[in-house]
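Trainee: Structure: data_26.txt, compact mmCIF, C-alpha atoms and all ligand atoms.
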```
# COMPACT_ATOMS: atom_id res chain seq x y z
CA MET A 14 -45.24 -6.93 -27.90
CA LEU A 15 -44.28 -9.72 -25.49
CA VAL A 16 -40.54 -10.33 -25.60
CA PHE A 17 -38.82 -13.27 -23.94
CA VAL A 18 -35.41 -12.02 -22.76
CA LEU A 19 -32.79 -14.68 -22.22
CA ASN A 20 -29.34 -14.54 -20.61
CA ALA A 21 -27.79 -17.98 -20.95
CA GLY A 22 -24.68 -18.76 -18.88
CA SER A 23 -22.60 -21.94 -18.78
CA SER A 24 -24.75 -23.63 -16.11
CA SER A 25 -27.47 -21.03 -15.58
CA LEU A 26 -30.14 -19.16 -17.43
CA LYS A 27 -31.83 -15.89 -16.49
CA TYR A 28 -35.04 -14.82 -18.19
CA GLN A 29 -37.76 -12.19 -18.21
CA LEU A 30 -41.01 -11.97 -20.08
CA ILE A 31 -41.49 -8.28 -20.83
CA ASN A 32 -44.08 -6.19 -22.59
CA ALA A 33 -41.63 -4.09 -24.60
CA GLN A 34 -44.05 -1.22 -25.17
CA THR A 35 -45.21 -0.76 -21.57
CA SER A 36 -41.97 -2.07 -19.93
CA GLU A 37 -44.13 -4.34 -17.73
CA VAL A 38 -42.32 -7.46 -16.51
CA LYS A 39 -44.87 -10.30 -16.65
CA ALA A 40 -42.52 -12.90 -15.14
CA SER A 41 -38.85 -13.42 -14.44
CA GLY A 42 -36.59 -16.12 -13.11
CA LEU A 43 -33.38 -18.00 -12.93
CA VAL A 44 -32.50 -21.61 -13.72
CA GLU A 45 -29.36 -22.76 -11.95
CA ARG A 46 -27.23 -25.89 -11.73
CA ILE A 47 -28.01 -27.01 -15.29
CA GLY A 48 -26.25 -30.33 -15.92
CA ILE A 49 -25.60 -30.80 -12.18
CA ASP A 50 -29.11 -31.28 -10.75
CA GLY A 51 -31.36 -28.32 -11.47
CA ILE A 52 -33.37 -25.59 -9.77
CA LEU A 53 -35.77 -23.03 -11.21
CA LYS A 54 -36.70 -19.91 -9.26
CA HIS A 55 -39.64 -18.21 -10.94
CA GLU A 56 -41.28 -14.91 -10.03
CA VAL A 57 -44.55 -13.35 -11.05
CA GLY A 58 -45.02 -9.81 -9.79
CA GLU A 59 -43.69 -8.84 -6.36
CA ASN A 60 -45.27 -11.55 -4.29
CA LYS A 61 -45.52 -14.79 -6.21
CA LYS A 62 -42.28 -16.75 -5.95
CA LEU A 63 -42.08 -20.39 -7.02
CA THR A 64 -39.19 -22.85 -6.77
CA PHE A 65 -38.92 -26.08 -8.77
CA GLU A 66 -36.19 -28.59 -7.99
CA VAL A 67 -36.13 -30.98 -10.93
CA SER A 68 -33.51 -32.68 -13.06
CA ILE A 69 -32.31 -30.26 -15.77
CA PRO A 70 -29.62 -32.06 -17.76
CA THR A 71 -29.15 -29.47 -20.53
CA HIS A 72 -30.06 -25.91 -21.54
CA LYS A 73 -32.78 -27.32 -23.80
CA GLU A 74 -34.64 -28.86 -20.85
CA ALA A 75 -34.11 -25.59 -18.96
CA ILE A 76 -35.79 -23.48 -21.65
CA GLU A 77 -38.55 -26.07 -22.12
CA LEU A 78 -39.21 -26.00 -18.38
CA VAL A 79 -39.42 -22.19 -18.30
CA LEU A 80 -41.85 -22.19 -21.25
CA LYS A 81 -43.92 -24.88 -19.50
CA VAL A 82 -44.10 -22.88 -16.26
CA LEU A 83 -45.07 -19.74 -18.21
CA THR A 84 -48.00 -21.57 -19.85
CA ASP A 85 -49.00 -24.31 -17.38
CA LYS A 86 -52.57 -24.28 -15.98
CA GLU A 87 -51.44 -23.72 -12.39
CA THR A 88 -48.67 -21.19 -12.94
CA LYS A 89 -49.41 -19.55 -16.25
CA VAL A 90 -48.90 -15.91 -17.14
CA ILE A 91 -49.69 -16.51 -20.84
CA ASP A 92 -52.09 -18.98 -22.47
CA SER A 93 -49.61 -20.35 -24.98
CA ILE A 94 -46.06 -19.76 -26.18
CA GLU A 95 -47.59 -18.35 -29.36
CA GLU A 96 -48.01 -15.12 -27.37
CA ILE A 97 -44.23 -14.67 -27.31
CA GLU A 98 -43.62 -12.49 -30.35
CA ALA A 99 -39.84 -12.15 -30.20
CA ILE A 100 -36.84 -13.34 -28.21
CA GLY A 101 -33.95 -11.13 -27.10
CA HIS A 102 -30.61 -12.70 -26.16
CA ARG A 103 -27.81 -11.20 -24.13
CA VAL A 104 -24.53 -12.00 -25.86
CA VAL A 105 -21.29 -11.18 -24.08
CA HIS A 106 -18.83 -10.68 -26.94
CA GLY A 107 -19.69 -9.07 -30.25
CA GLY A 108 -16.08 -8.20 -31.12
CA GLU A 109 -15.75 -5.48 -33.76
CA TYR A 110 -18.55 -7.01 -35.86
CA PHE A 111 -21.49 -5.83 -33.81
CA LYS A 112 -21.88 -2.15 -32.98
CA LYS A 113 -25.56 -2.54 -32.08
CA SER A 114 -28.21 -5.21 -31.50
CA THR A 115 -28.97 -7.39 -34.51
CA LEU A 116 -31.52 -9.90 -35.81
CA VAL A 117 -30.19 -13.43 -35.42
CA ASN A 118 -29.60 -15.52 -38.54
CA ASP A 119 -27.09 -18.25 -39.49
CA GLU A 120 -24.48 -15.69 -40.47
CA VAL A 121 -24.78 -13.82 -37.15
CA ILE A 122 -24.46 -17.08 -35.21
CA ALA A 123 -21.36 -17.98 -37.26
CA LYS A 124 -19.77 -14.63 -36.37
CA ILE A 125 -20.56 -15.05 -32.66
CA GLU A 126 -19.00 -18.53 -32.92
CA GLU A 127 -15.88 -16.99 -34.47
CA LEU A 128 -15.57 -14.81 -31.38
CA ILE A 129 -15.52 -17.75 -28.94
CA PRO A 130 -11.72 -17.48 -28.40
CA LEU A 131 -12.33 -13.96 -27.00
CA ALA A 132 -15.11 -15.11 -24.62
CA PRO A 133 -14.67 -18.86 -24.13
CA LEU A 134 -16.82 -18.99 -20.99
CA HIS A 135 -19.75 -16.94 -22.28
CA ASN A 136 -20.31 -16.97 -26.04
CA PRO A 137 -20.86 -20.77 -26.32
CA ALA A 138 -23.76 -20.62 -23.82
CA ASN A 139 -25.22 -17.55 -25.55
CA ILE A 140 -25.12 -19.37 -28.92
CA LEU A 141 -26.72 -22.44 -27.37
CA GLY A 142 -29.60 -20.28 -26.08
CA MET A 143 -30.20 -18.87 -29.58
CA LYS A 144 -30.04 -22.27 -31.28
CA ILE A 145 -32.48 -23.85 -28.81
CA CYS A 146 -34.98 -20.99 -29.14
CA ARG A 147 -34.84 -21.21 -32.94
CA GLU A 148 -35.54 -24.94 -32.65
CA LEU A 149 -38.34 -24.69 -30.07
CA MET A 150 -40.03 -21.60 -31.54
CA PRO A 151 -39.08 -21.67 -35.24
CA ASN A 152 -41.43 -18.86 -36.27
CA VAL A 153 -40.34 -16.36 -33.63
CA PRO A 154 -37.56 -13.86 -34.50
CA ASN A 155 -34.46 -13.71 -32.29
CA VAL A 156 -32.35 -10.65 -31.56
CA ALA A 157 -28.83 -10.54 -30.08
CA THR A 158 -27.78 -7.65 -27.82
CA PHE A 159 -24.06 -7.44 -27.11
CA ASP A 160 -22.27 -6.42 -23.89
CA THR A 161 -19.48 -4.98 -26.03
CA ALA A 162 -21.58 -3.02 -28.54
CA PHE A 163 -21.95 0.25 -26.60
CA HIS A 164 -18.16 0.55 -26.32
CA GLN A 165 -17.60 0.29 -30.05
CA THR A 166 -17.57 4.10 -30.15
CA MET A 167 -14.18 4.11 -28.35
CA THR A 168 -11.42 5.40 -30.60
CA GLU A 169 -8.04 3.78 -31.14
CA GLU A 170 -6.14 5.84 -28.59
CA ASN A 171 -8.55 4.57 -25.93
CA PHE A 172 -8.96 0.93 -27.02
CA LEU A 173 -5.45 -0.07 -28.10
CA TYR A 174 -2.94 -1.70 -25.81
CA ALA A 175 0.58 -0.35 -26.12
CA VAL A 176 1.93 -3.51 -27.75
CA PRO A 177 2.98 -4.01 -31.41
CA TYR A 178 0.13 -2.68 -33.57
CA SER A 179 0.21 -5.79 -35.79
CA ASP A 180 -1.24 -7.84 -32.91
CA TYR A 181 -4.34 -5.69 -33.08
CA THR A 182 -4.74 -6.17 -36.83
CA GLU A 183 -3.77 -9.85 -36.78
CA TYR A 184 -5.22 -11.15 -33.49
CA HIS A 185 -7.89 -8.50 -32.67
CA LEU A 186 -5.98 -7.69 -29.48
CA ARG A 187 -7.61 -4.56 -28.04
CA LYS A 188 -9.89 -3.37 -25.28
CA TYR A 189 -13.54 -4.21 -25.97
CA GLY A 190 -15.19 -3.40 -22.64
CA PHE A 191 -18.27 -5.11 -21.19
CA HIS A 192 -21.48 -4.25 -19.25
CA GLY A 193 -22.25 -2.06 -22.28
CA THR A 194 -26.01 -2.55 -22.06
CA SER A 195 -25.97 -1.38 -18.44
CA HIS A 196 -23.64 1.57 -19.12
CA TYR A 197 -25.90 2.59 -22.00
CA TYR A 198 -29.11 2.34 -19.95
CA VAL A 199 -27.75 4.17 -16.91
CA SER A 200 -25.97 6.95 -18.83
CA ASN A 201 -29.08 7.45 -20.95
CA GLU A 202 -31.20 7.88 -17.80
CA ALA A 203 -28.58 10.35 -16.51
CA VAL A 204 -28.66 12.34 -19.76
CA LYS A 205 -32.46 12.66 -19.34
CA LEU A 206 -32.01 13.91 -15.77
CA LEU A 207 -29.27 16.37 -16.69
CA ASN A 208 -31.28 17.66 -19.63
CA LYS A 209 -28.09 19.08 -21.08
CA LYS A 210 -26.29 18.84 -24.40
CA ASP A 211 -22.59 17.87 -24.37
CA SER A 212 -22.88 15.76 -21.21
CA LYS A 213 -19.91 14.19 -19.40
CA ILE A 214 -21.00 11.18 -17.38
CA ILE A 215 -19.13 8.48 -15.48
CA VAL A 216 -21.02 5.26 -14.77
CA CYS A 217 -19.80 2.97 -11.97
CA HIS A 218 -21.39 -0.46 -12.51
CA LEU A 219 -20.44 -2.22 -9.28
CA GLY A 220 -21.65 -5.82 -8.89
CA ASN A 221 -19.87 -9.17 -8.70
CA GLY A 222 -18.27 -8.04 -11.93
CA SER A 223 -17.60 -4.29 -12.01
CA SER A 224 -16.59 -1.67 -14.54
CA VAL A 225 -16.45 2.10 -14.94
CA CYS A 226 -17.30 3.88 -18.17
CA ALA A 227 -16.73 7.44 -19.37
CA VAL A 228 -19.70 8.53 -21.48
CA ARG A 229 -19.41 11.75 -23.44
CA ASP A 230 -22.48 13.04 -25.32
CA GLY A 231 -24.10 9.63 -24.90
CA LYS A 232 -21.14 7.69 -26.31
CA SER A 233 -18.68 5.42 -24.49
CA ILE A 234 -15.20 6.90 -24.85
CA SER A 235 -13.33 4.68 -22.38
CA THR A 236 -14.08 1.82 -20.03
CA SER A 237 -12.17 -0.17 -17.45
CA MET A 238 -12.68 -3.73 -18.71
CA GLY A 239 -10.52 -4.80 -21.63
CA LEU A 240 -9.97 -7.70 -24.00
CA THR A 241 -11.71 -9.78 -21.34
CA PRO A 242 -13.78 -8.86 -18.25
CA LEU A 243 -10.69 -9.30 -16.06
CA GLU A 244 -9.20 -5.82 -16.48
CA GLY A 245 -9.97 -2.74 -14.41
CA LEU A 246 -11.66 -2.61 -11.03
CA ILE A 247 -11.15 -5.02 -8.14
CA MET A 248 -14.15 -7.36 -8.26
CA GLY A 249 -15.68 -10.16 -6.19
CA THR A 250 -13.12 -12.74 -7.32
CA ARG A 251 -11.21 -10.90 -10.08
CA SER A 252 -7.97 -8.99 -9.55
CA GLY A 253 -8.66 -6.24 -12.09
CA ASP A 254 -5.56 -4.27 -13.20
CA ILE A 255 -2.32 -6.01 -12.41
CA ASP A 256 1.30 -5.77 -13.60
CA ALA A 257 1.54 -8.28 -16.48
CA GLY A 258 4.89 -9.31 -14.98
CA VAL A 259 2.98 -10.97 -12.13
CA ILE A 260 1.80 -13.67 -14.53
CA PRO A 261 5.11 -15.34 -15.57
CA TYR A 262 6.47 -14.74 -12.04
CA LEU A 263 3.63 -16.69 -10.40
CA MET A 264 3.49 -19.31 -13.12
CA GLU A 265 7.12 -20.10 -12.42
CA LYS A 266 6.96 -19.85 -8.61
CA LYS A 267 3.78 -21.91 -8.25
CA GLY A 268 4.19 -24.11 -11.34
CA LEU A 269 0.90 -22.92 -12.84
CA THR A 270 -0.35 -23.47 -16.41
CA SER A 271 -1.95 -20.60 -18.33
CA ASN A 272 -5.43 -21.91 -17.47
CA GLN A 273 -4.49 -22.16 -13.79
CA ILE A 274 -3.16 -18.60 -13.64
CA LEU A 275 -6.35 -17.38 -15.35
CA ASP A 276 -8.40 -19.28 -12.80
CA TYR A 277 -6.30 -17.69 -10.02
CA LEU A 278 -6.85 -14.15 -11.33
CA ASN A 279 -10.54 -14.65 -12.25
CA LYS A 280 -11.83 -16.80 -9.42
CA LYS A 281 -9.49 -16.62 -6.42
CA SER A 282 -8.47 -12.96 -6.38
CA GLY A 283 -10.28 -9.65 -5.85
CA ILE A 284 -12.26 -9.10 -2.66
CA LEU A 285 -12.22 -12.85 -1.92
CA GLY A 286 -8.45 -13.11 -2.37
CA ILE A 287 -7.57 -10.13 -0.19
CA SER A 288 -10.11 -10.67 2.57
CA GLY A 289 -9.97 -14.47 2.59
CA ILE A 290 -13.58 -14.24 3.79
CA SER A 291 -15.93 -14.03 0.82
CA SER A 292 -16.54 -12.52 -2.62
CA ASP A 293 -19.84 -11.17 -1.28
CA LEU A 294 -19.17 -7.60 -0.23
CA ARG A 295 -21.89 -7.65 2.44
CA GLU A 296 -19.99 -10.35 4.35
CA VAL A 297 -16.69 -8.51 3.94
CA ILE A 298 -18.19 -5.24 5.22
CA LYS A 299 -19.57 -7.12 8.21
CA ALA A 300 -16.19 -8.73 8.93
CA SER A 301 -14.49 -5.34 8.62
CA ASN A 302 -16.97 -3.83 11.09
CA ASP A 303 -16.10 -6.70 13.44
CA GLY A 304 -12.44 -5.68 13.22
CA ASP A 305 -11.08 -8.00 10.51
CA ARG A 306 -7.95 -6.22 9.16
CA ARG A 307 -7.81 -7.85 5.72
CA SER A 308 -11.48 -7.15 5.05
CA LYS A 309 -10.85 -3.50 5.88
CA ILE A 310 -7.92 -3.40 3.44
CA ALA A 311 -10.02 -5.09 0.73
CA ILE A 312 -12.68 -2.38 1.05
CA GLU A 313 -10.06 0.41 0.94
CA MET A 314 -8.43 -1.13 -2.15
CA LEU A 315 -11.79 -1.52 -3.90
CA CYS A 316 -12.72 2.12 -3.31
CA ASN A 317 -9.27 3.49 -4.19
CA ARG A 318 -9.33 1.68 -7.53
CA ILE A 319 -12.78 3.08 -8.37
CA LYS A 320 -11.60 6.55 -7.36
CA LYS A 321 -8.52 6.25 -9.60
CA TYR A 322 -10.71 5.50 -12.62
CA LEU A 323 -13.19 8.20 -11.69
CA CYS A 324 -10.50 10.87 -11.54
CA SER A 325 -8.72 9.72 -14.68
CA TYR A 326 -12.00 9.69 -16.65
CA ALA A 327 -12.90 13.15 -15.35
CA GLY A 328 -9.47 14.24 -16.59
CA LEU A 329 -9.99 12.56 -19.96
CA MET A 330 -13.31 14.35 -20.47
CA GLY A 331 -12.21 17.68 -18.96
CA GLY A 332 -14.79 17.45 -16.16
CA VAL A 333 -17.80 15.42 -15.13
CA ASP A 334 -21.47 16.46 -14.95
CA ALA A 335 -22.71 13.32 -13.24
CA ILE A 336 -21.38 10.23 -11.52
CA CYS A 337 -23.82 7.31 -11.60
CA PHE A 338 -23.76 4.33 -9.26
CA THR A 339 -25.50 1.14 -10.34
CA ALA A 340 -25.71 -2.69 -9.85
CA GLY A 341 -25.69 -4.67 -6.56
CA ILE A 342 -22.99 -2.66 -4.77
CA GLY A 343 -23.56 0.67 -6.52
CA GLU A 344 -27.29 0.66 -5.79
CA ASN A 345 -27.14 -0.75 -2.26
CA SER A 346 -23.92 0.18 -0.50
CA ASP A 347 -23.92 3.71 0.92
CA LEU A 348 -20.52 2.93 2.46
CA ILE A 349 -18.80 2.26 -0.89
CA ARG A 350 -20.48 5.27 -2.56
CA GLU A 351 -19.39 7.52 0.29
CA LYS A 352 -15.79 6.27 0.31
CA VAL A 353 -15.50 6.63 -3.47
CA CYS A 354 -16.67 10.26 -3.40
CA ASN A 355 -14.83 11.16 -0.21
CA GLY A 356 -12.14 13.83 -0.71
CA LEU A 357 -13.20 14.75 -4.23
CA ASP A 358 -14.64 18.16 -3.22
CA PHE A 359 -11.64 19.76 -4.94
CA MET A 360 -13.09 18.46 -8.24
CA GLY A 361 -16.58 19.76 -7.48
CA ILE A 362 -17.87 16.36 -6.32
CA GLU A 363 -19.66 16.89 -3.00
CA MET A 364 -21.82 14.11 -1.62
CA ASN A 365 -24.75 14.70 0.73
CA ILE A 366 -23.73 12.04 3.25
CA GLU A 367 -27.11 11.91 5.02
CA GLU A 368 -29.10 11.65 1.79
CA ASN A 369 -26.72 8.92 0.57
CA LYS A 370 -27.49 6.82 3.67
CA ILE A 371 -31.25 6.78 3.15
CA ARG A 372 -32.47 3.55 1.50
CA LYS A 373 -35.05 4.18 -1.20
CA SER A 374 -35.93 2.43 -4.42
CA GLY A 375 -35.76 4.04 -7.85
CA ILE A 376 -33.53 6.79 -9.18
CA ARG A 377 -32.01 9.15 -6.59
CA GLU A 378 -29.72 12.19 -6.40
CA VAL A 379 -27.32 12.32 -3.46
CA GLN A 380 -25.11 15.36 -4.06
CA LYS A 381 -25.07 18.54 -1.95
CA ASP A 382 -26.77 21.63 -3.37
CA THR A 383 -23.32 23.20 -3.81
CA SER A 384 -21.88 20.23 -5.74
CA LYS A 385 -20.93 21.00 -9.34
CA THR A 386 -21.26 17.32 -10.18
CA LYS A 387 -24.50 15.40 -9.71
CA ILE A 388 -24.27 12.04 -7.96
CA PHE A 389 -27.00 9.69 -9.15
CA ILE A 390 -28.03 6.22 -7.99
CA ILE A 391 -29.71 4.60 -10.98
CA PRO A 392 -30.94 0.98 -10.82
CA THR A 393 -29.77 -0.71 -14.00
CA ASN A 394 -32.15 -2.56 -16.33
CA GLU A 395 -30.31 -4.47 -19.03
CA GLU A 396 -33.31 -6.69 -19.76
CA LEU A 397 -35.45 -3.68 -20.67
CA VAL A 398 -32.82 -2.47 -23.15
CA ILE A 399 -32.73 -5.96 -24.72
CA ALA A 400 -36.56 -6.08 -24.87
CA LYS A 401 -36.78 -2.61 -26.48
CA ASP A 402 -34.02 -3.35 -29.02
CA THR A 403 -35.77 -6.63 -29.84
CA TYR A 404 -39.07 -4.82 -30.31
CA ASN A 405 -37.51 -2.15 -32.53
CA LEU A 406 -35.77 -4.70 -34.74
CA THR A 407 -38.75 -7.01 -35.13
CA LYS A 408 -41.90 -4.83 -35.04
CA SER A 409 -42.02 -4.26 -38.80
CA ASN A 410 -41.62 -7.98 -39.62
P1 LIG B 501 -23.86 -9.54 -10.70
O1 LIG B 501 -22.61 -8.89 -11.23
O2 LIG B 501 -23.69 -11.02 -10.44
O3 LIG B 501 -25.12 -9.19 -11.45
P2 LIG B 501 -24.96 -7.86 -8.60
O4 LIG B 501 -25.09 -6.65 -9.43
O5 LIG B 501 -26.21 -8.54 -8.14
O6 LIG B 501 -24.00 -8.94 -9.24
O7 LIG B 501 -24.09 -7.47 -7.29
C1 LIG B 501 -23.73 -8.41 -6.35
C2 LIG B 501 -22.86 -7.74 -5.31
O8 LIG B 501 -23.62 -6.70 -4.67
C3 LIG B 501 -22.38 -8.68 -4.21
O9 LIG B 501 -21.01 -8.47 -3.95
C4 LIG B 501 -23.20 -8.23 -3.00
O10 LIG B 501 -22.50 -8.43 -1.81
C5 LIG B 501 -23.33 -6.75 -3.30
N1 LIG B 501 -24.39 -6.14 -2.48
C6 LIG B 501 -25.72 -6.28 -2.57
N2 LIG B 501 -26.35 -5.57 -1.58
C7 LIG B 501 -25.37 -4.95 -0.87
C8 LIG B 501 -25.34 -4.07 0.25
N3 LIG B 501 -26.46 -3.68 0.86
N4 LIG B 501 -24.14 -3.64 0.70
C9 LIG B 501 -23.00 -4.03 0.10
N5 LIG B 501 -22.96 -4.84 -0.95
C10 LIG B 501 -24.12 -5.29 -1.44
```
So that I can check it, write out the structure of this file as C-alpha cells.

Mentor:
Amino acid sequence: MLVFVLNAGSSSLKYQLINAQTSEVKASGLVERIGIDGILKHEVGENKKLTFEVSIPTHKEAIELVLKVLTDKETKVIDSIEEIEAIGHRVVHGGEYFKKSTLVNDEVIAKIEELIPLAPLHNPANILGMKICRELMPNVPNVATFDTAFHQTMTEENFLYAVPYSDYTEYHLRKYGFHGTSHYYVSNEAVKLLNKKDSKIIVCHLGNGSSVCAVRDGKSISTSMGLTPLEGLIMGTRSGDIDAGVIPYLMEKKGLTSNQILDYLNKKSGILGISGISSDLREVIKASNDGDRRSKIAIEMLCNRIKKYLCSYAGLMGGVDAICFTAGIGENSDLIREKVCNGLDFMGIEMNIEENKIRKSGIREVQKDTSKTKIFIIPTNEELVIAKDTYNLTKSN
C-alpha cells in the first residue's frame, strides 16, 4: 500500500511517499517558506534531487505542487494520485484523547482543534494538512499519528506537576511529552536487539528539539518534555528546564509580555543563547575547537543535562539495559555521545571510544565488551511508523 506521509508545519511541509508493506521510500521532500515565497526540495532515491522555486502562497498550493511533481511526466514516481491509498499525518498534540494513531473524521479534527491552546504553533498546521488532503483526495482515508501518544502510558506520579491538583483536572495541566513516535520506533528497535523480556531502555532523541525517554517493557514511563516541548534538555534555541521564578523576574526586569518571554525561552535560548554563535551544534563544536569559551560551556551544559536525565531515569527504572542515541546530534556526533557516557562506568555504562568514533550508517553498538549496558546508535524513522500505523488502520477498509 502506498501511503503519503505528511508533516505540516506553520510555513513548511515535509512528506514521504512510502510503500508501507516493504518500507520502501518512493520519494520524499520538503516545502519551505510557504506564504513567504516558496521552495520545494524533492528527492527520488539517493541520487535524484530536484529543487523548484515557485510562489507557494498557502499550504493548499504546497500540497498540490507536491502531488503534481509526484505525477508529472518529467518527474513522476506514480502515474496518478489514485495510486495513493492512504494518507498519514503527524500531529503534535493529542492531549489525553489520543493514546494511539486514529482514522481522521470530523470528530477527530474537532478534538485536535480543541487542543490548539496546548500546541498553538503546531496543531493548526497539522489540521490544515488534514483538511486539504480530505478536500483534494476525498476518497482516500487519512490517519493521524500523535507525538504525545506513546507517552500516554506515563502514570500520574510521573506526569503531574506539583501544583494544585485541580489545575490538572480543570485545565489539563500536566506533562504530555513529545517525540513519541521516535521514542517508540527507537526503543522498539532496541527491544529487538536486546531480545529480552522486562527491558529498561533510555532513548536520547537529540536534534534541534531534544528529549529523553525512559522506556520500561516497551512503555514510556517518563520523558523530559512536558506540557509543551520547552521542558527538559537544553536544545538548539530552547532553554529546557529552568526555575519558574526566572519568568516573572525577567518579565519585570526587561518589560516583557508573556509572548515575549516565551519567544525568549523558545527561540533565543539554549545552545544559541549560551554560545551566541548558532543553534546548529556543528558550528558551536567548531567554534569551541577554535577556542571559543562560551561555545565550550554550551557543549558542557548540554551534555551535563542529558547525563542528569540519564542517571535519574536509570534510578527510576532500577537500572538500564540499553541507552539509545538518535536524531541529528545523537546519530552524528561522537563527541556528544562520548561526553554523555563519560564517567558512568560506575553504573555499568562503558563506551568503546574508538568504535563510537567510526562513522557508519544504520544501527550500531558502541559499548565495550565488559559494559553491562548496551549503547546503541539507532537512526530514527518516524515516517515509517506513521506509514505502518496508517496501513494497519486502513487496510481492511
Ligand atoms: P530536527 O529536530 O529539526 O529534526 P535534526 O534531528 O535534523 O533536527 O538535528 C539537527 C541537529 O543535529 C543540528 O543541531 C545539527 O547541528 C546537528 N548535527 C547534525 N550532524 C551533526 C554532527 N556531525 N555533529 C554535531 N551535530 C550534528

Trainee: Using 9 Å as the limit and counting all atoms listed in the file, can you tabulate each residue of chain A that touches ligand LIG 501 (chain B), with its shortest atom-to-atom distance in Å and the two atoms involved, as JSON lines?

Mentor:
```
{"residue": "A:His218", "atom": "CA", "partner": "B:LIG501", "partner_atom": "O4", "distance": 7.8}
{"residue": "A:Leu219", "atom": "CA", "partner": "B:LIG501", "partner_atom": "O4", "distance": 6.4}
{"residue": "A:Gly220", "atom": "CA", "partner": "B:LIG501", "partner_atom": "O7", "distance": 3.4}
{"residue": "A:Asn221", "atom": "CA", "partner": "B:LIG501", "partner_atom": "O1", "distance": 3.7}
{"residue": "A:Gly222", "atom": "CA", "partner": "B:LIG501", "partner_atom": "O1", "distance": 4.5}
{"residue": "A:Ser223", "atom": "CA", "partner": "B:LIG501", "partner_atom": "O1", "distance": 6.8}
{"residue": "A:Met248", "atom": "CA", "partner": "B:LIG501", "partner_atom": "O9", "distance": 8.2}
{"residue": "A:Gly249", "atom": "CA", "partner": "B:LIG501", "partner_atom": "O9", "distance": 6.0}
{"residue": "A:Ile284", "atom": "CA", "partner": "B:LIG501", "partner_atom": "O9", "distance": 8.9}
{"residue": "A:Ser291", "atom": "CA", "partner": "B:LIG501", "partner_atom": "O9", "distance": 8.9}
{"residue": "A:Ser292", "atom": "CA", "partner": "B:LIG501", "partner_atom": "O9", "distance": 6.2}
{"residue": "A:Asp293", "atom": "CA", "partner": "B:LIG501", "partner_atom": "O10", "distance": 3.9}
{"residue": "A:Leu294", "atom": "CA", "partner": "B:LIG501", "partner_atom": "O10", "distance": 3.8}
{"residue": "A:Arg295", "atom": "CA", "partner": "B:LIG501", "partner_atom": "O10", "distance": 4.4}
{"residue": "A:Glu296", "atom": "CA", "partner": "B:LIG501", "partner_atom": "O10", "distance": 6.9}
{"residue": "A:Val297", "atom": "CA", "partner": "B:LIG501", "partner_atom": "O10", "distance": 8.2}
{"residue": "A:Ile298", "atom": "CA", "partner": "B:LIG501", "partner_atom": "C9", "distance": 7.1}
{"residue": "A:Thr339", "atom": "CA", "partner": "B:LIG501", "partner_atom": "O4", "distance": 7.9}
{"residue": "A:Ala340", "atom": "CA", "partner": "B:LIG501", "partner_atom": "O4", "distance": 4.0}
{"residue": "A:Gly341", "atom": "CA", "partner": "B:LIG501", "partner_atom": "O7", "distance": 3.3}
{"residue": "A:Ile342", "atom": "CA", "partner": "B:LIG501", "partner_atom": "O8", "distance": 4.1}
{"residue": "A:Gly343", "atom": "CA", "partner": "B:LIG501", "partner_atom": "O8", "distance": 7.6}
{"residue": "A:Glu344", "atom": "CA", "partner": "B:LIG501", "partner_atom": "N2", "distance": 7.6}
{"residue": "A:Asn345", "atom": "CA", "partner": "B:LIG501", "partner_atom": "N3", "distance": 4.3}
{"residue": "A:Ser346", "atom": "CA", "partner": "B:LIG501", "partner_atom": "N4", "distance": 4.0}
{"residue": "A:Asp347", "atom": "CA", "partner": "B:LIG501", "partner_atom": "N4", "distance": 7.4}
{"residue": "A:Leu348", "atom": "CA", "partner": "B:LIG501", "partner_atom": "N4", "distance": 7.7}
{"residue": "A:Ile349", "atom": "CA", "partner": "B:LIG501", "partner_atom": "C9", "distance": 7.6}
{"residue": "A:Thr393", "atom": "CA", "partner": "B:LIG501", "partner_atom": "O4", "distance": 8.8}
```

Trainee: Just give me the gap between CA of Gln165 in chain A and CA of Pro137 in chain A in Å, one decimal is fine.

Mentor: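 Interatomic distance here is 21.6 Å.
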
Trainee: Would you compute the distance between CA of Arg350 in chain A and CA of Cys316 in chain A? Give it in Å to one decimal.

Mentor: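 Going from CA of Arg350 in chain A over to CA of Cys316 in chain A covers 8.4 Å.
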
Trainee: Need the neighbours of (-24.3, -25.7, -14.4): which residues are at most 8 Å away, counting only C-alpha atoms, as a PyMOL selection string?

Mentor: chain A and resi 23-25+45-49

Trainee: So, counting only C-alpha atoms, which residue among A:Glu126, A:Asp382, A:Glu74, A:Glu396 is closest to Gln29 in chain A?

Mentor: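 Ranked by minimum distance to Gln29 in chain A, first place goes to A:Glu396.
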
Trainee: Could you list, as a list in words, every residue within 9 Å of Gly375 in chain A, counting all atoms listed in the file and ignoring same-chain residues fewer than 6 positions away?

Mentor: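 Final neighbour list, sorted by chain and number: Ile390, Ile391 and Pro392 of chain A.
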
Trainee: Can you write just those residues out, C-alpha atoms, as a CSV table (one decimal), keeping the file's coordinate frame?

Mentor:
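The resulting out.csv:
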```csv
chain,number,residue,atom,x,y,z
A,390,ILE,CA,-28.0,6.2,-8.0
A,391,ILE,CA,-29.7,4.6,-11.0
A,392,PRO,CA,-30.9,1.0,-10.8
```

Trainee: If we count only C-alpha atoms and set the cut-off at 12 Å, which residues sit around range 275-277 of chain A, ignoring sequence neighbours fewer than 5 positions away in its own chain? Please answer as a compact mmCIF listing (two decimals) with C-alpha atoms, keeping the file's coordinate frame.

Mentor:
```txt
# COMPACT_ATOMS: atom_id res chain seq x y z
CA LEU A 134 -16.82 -18.99 -20.99
CA THR A 241 -11.71 -9.78 -21.34
CA PRO A 242 -13.78 -8.86 -18.25
CA LEU A 243 -10.69 -9.30 -16.06
CA GLU A 244 -9.20 -5.82 -16.48
CA THR A 250 -13.12 -12.74 -7.32
CA ARG A 251 -11.21 -10.90 -10.08
CA SER A 252 -7.97 -8.99 -9.55
CA GLY A 253 -8.66 -6.24 -12.09
CA VAL A 259 2.98 -10.97 -12.13
CA ILE A 260 1.80 -13.67 -14.53
CA PRO A 261 5.11 -15.34 -15.57
CA LEU A 263 3.63 -16.69 -10.40
CA MET A 264 3.49 -19.31 -13.12
CA LYS A 267 3.78 -21.91 -8.25
CA LEU A 269 0.90 -22.92 -12.84
CA THR A 270 -0.35 -23.47 -16.41
CA SER A 282 -8.47 -12.96 -6.38
CA GLY A 283 -10.28 -9.65 -5.85
CA LEU A 285 -12.22 -12.85 -1.92
CA GLY A 286 -8.45 -13.11 -2.37
```
